[in-house]
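First up is the structure itself, then whatever we jot down about it.
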Amino acid sequence: METIRFEELELDAVEQDGPNAQWLAGFPFSSDRPGETTMESTDYTVVYNELEPGAHIGKHRDASDELLIVLAGTIEAVVGSETATVGAGTLTVIPADTDHSVRNAGSETVRMVGLFGSAPVDSAFDSEPTISEKR
């Protein structure tokens, strides 16, 4: 069995066009993504993200449903035409092929996990993100 401690996960700095469109991301259990681990999954994708206050992940769509779990901090999630502000301990369901974005709406670092029921998961961003450096 392999376990992951999020604070030990190697994260990549990710940026998009636009102000404060930057975050840290790691993909445990995915051999073709940042944060590769020794155990690979072909059935699901996991992404761990950290966003500093004011930072956001820009509008995008994923080809499969996403379960978004907020571990720390407060986010404003825009999913389709709905907007909700949620904090730690919240699970949000984002349907496949639905435009969505996430912004840190609080004063502390947001830590959250996205779970997808496919591997790999295809995502389409309005402004394609770039990976700039490892943390």
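In the structure tokens, chains take letters A, B, ... by order of appearance, with residues numbered from 1 within each chain and ligands from 1 in the order shown.
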Ser118 in chain A: which residues within 6 Å, counting only C-alpha atoms, same-chain residues fewer than 2 positions away excluded, as a count of residues only?
5
Can you pull out every residue within 10 Å of Asn20 in chain A, counting only C-alpha atoms, but drop anything in the same chain fewer than 2 positions away, and send it as a ChimeraX atom specification?
/A:15-18,22-23,51-58,103
Residues of the last selection are to be written out with C-alpha atoms, as a short mmCIF file (atom, residue, chain, number, x, y, z; two decimals), in the first residue's frame.
data_model
loop_
_atom_site.label_atom_id
_atom_site.label_comp_id
_atom_site.auth_asym_id
_atom_site.auth_seq_id
_atom_site.Cartn_x
_atom_site.Cartn_y
_atom_site.Cartn_z
CA GLU A 15 -0.10 29.77 -14.07
CA GLN A 16 -2.73 31.01 -16.50
CA ASP A 17 -3.21 34.31 -18.28
CA GLY A 18 -4.82 36.91 -16.05
CA GLN A 22 -1.75 30.78 -10.24
CA TRP A 23 -1.67 27.81 -7.90
CA LEU A 51 -4.13 28.54 -3.66
CA GLU A 52 -2.83 31.58 -1.82
CA PRO A 53 -5.30 34.33 -0.82
CA GLY A 54 -6.78 35.97 -3.93
CA ALA A 55 -5.42 33.30 -6.30
CA HIS A 56 -7.72 31.38 -8.61
CA ILE A 57 -7.94 28.50 -11.06
CA GLY A 58 -9.51 29.90 -14.22
CA ARG A 103 -10.96 31.31 -6.21
#
Of the candidates A:Val86, A:Val93, A:Val14, A:Val79, which shows the shortest atom-to-atom distance to Glu66 in chain A, using only C-alpha atoms?
A:Val93
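Contact shell of Gly87 in chain A at 12 Å (only C-alpha atoms; same-chain neighbours under 4 positions omitted): Leu68, Ile69, Val70, Leu71, Ala72, Gly73, Thr74, Ile75, Glu76, Ala77, Leu91, Thr92, Arg103, Asn104, Ala105, Gly106, Ser107, Glu108, Thr109, Val110, Arg111 and Met112 of chain A.
Each of A:Gly26, A:Pro19, A:Pro95, A:Gly117 was compared to Ile4 in chain A using only C-alpha atoms, and A:Gly26 turns out to be the nearest.
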Among range 16-60 of chain A, which ones does DSSP place in strand (DSSP E), written as number ranges by chain?
A: 22-26, 45-51, 56-60
Using only C-alpha atoms, which of the listed residues (A:Thr90, A:His60, A:Asp126, A:Leu115) sits closest to Phe29 in chain A?
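The shortest atom-to-atom distance to Phe29 in chain A comes from A:Leu115.
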Show me, as a list in words, the residues that have an atom within 6 Å of Ala13 in chain A when counting only C-alpha atoms, minus same-chain residues fewer than 3 positions from it.
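The neighbour list is Trp23, Leu24, Ile131, Ser132 and Glu133 of chain A.
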List the neighbours of Ala124 in chain A out to 12 Å using only C-alpha atoms; skip same-chain residues closer than 6 positions along the sequence, and give me the result as an NGL selection string.
:A and (58-64 or 96-101)
In Å, with one decimal, what is the gap from CA of Phe6 in chain A to CA of Thr83 in chain A?
27.3 Å
Residue nearest Glu7 in chain A among A:Leu67, A:Val46, A:Ile94, A:Ala25 (counting only C-alpha atoms)
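Going through A:Leu67, A:Val46, A:Ile94, A:Ala25 one by one, the smallest distance to Glu7 in chain A is for A:Ala25.
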Name the closest residue to Thr85 in chain A among the candidates A:Ala119, A:Ala21, A:Val102, A:Leu9; distances are taken between atoms, counting only C-alpha atoms.
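For Thr85 in chain A, the nearest of the candidates is A:Val102.
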Judged by only C-alpha atoms, the minimum distance to Glu2 in chain A among A:Glu40, A:Glu50, A:Glu82, A:Asp122 is found for A:Glu40
Atomic separation - CA of Asp12 in chain A relative to CA of Tyr48 in chain A, Å:
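Atom-to-atom, CA of Tyr48 in chain A and CA of Asp12 in chain A are spaced 10.4 Å apart.
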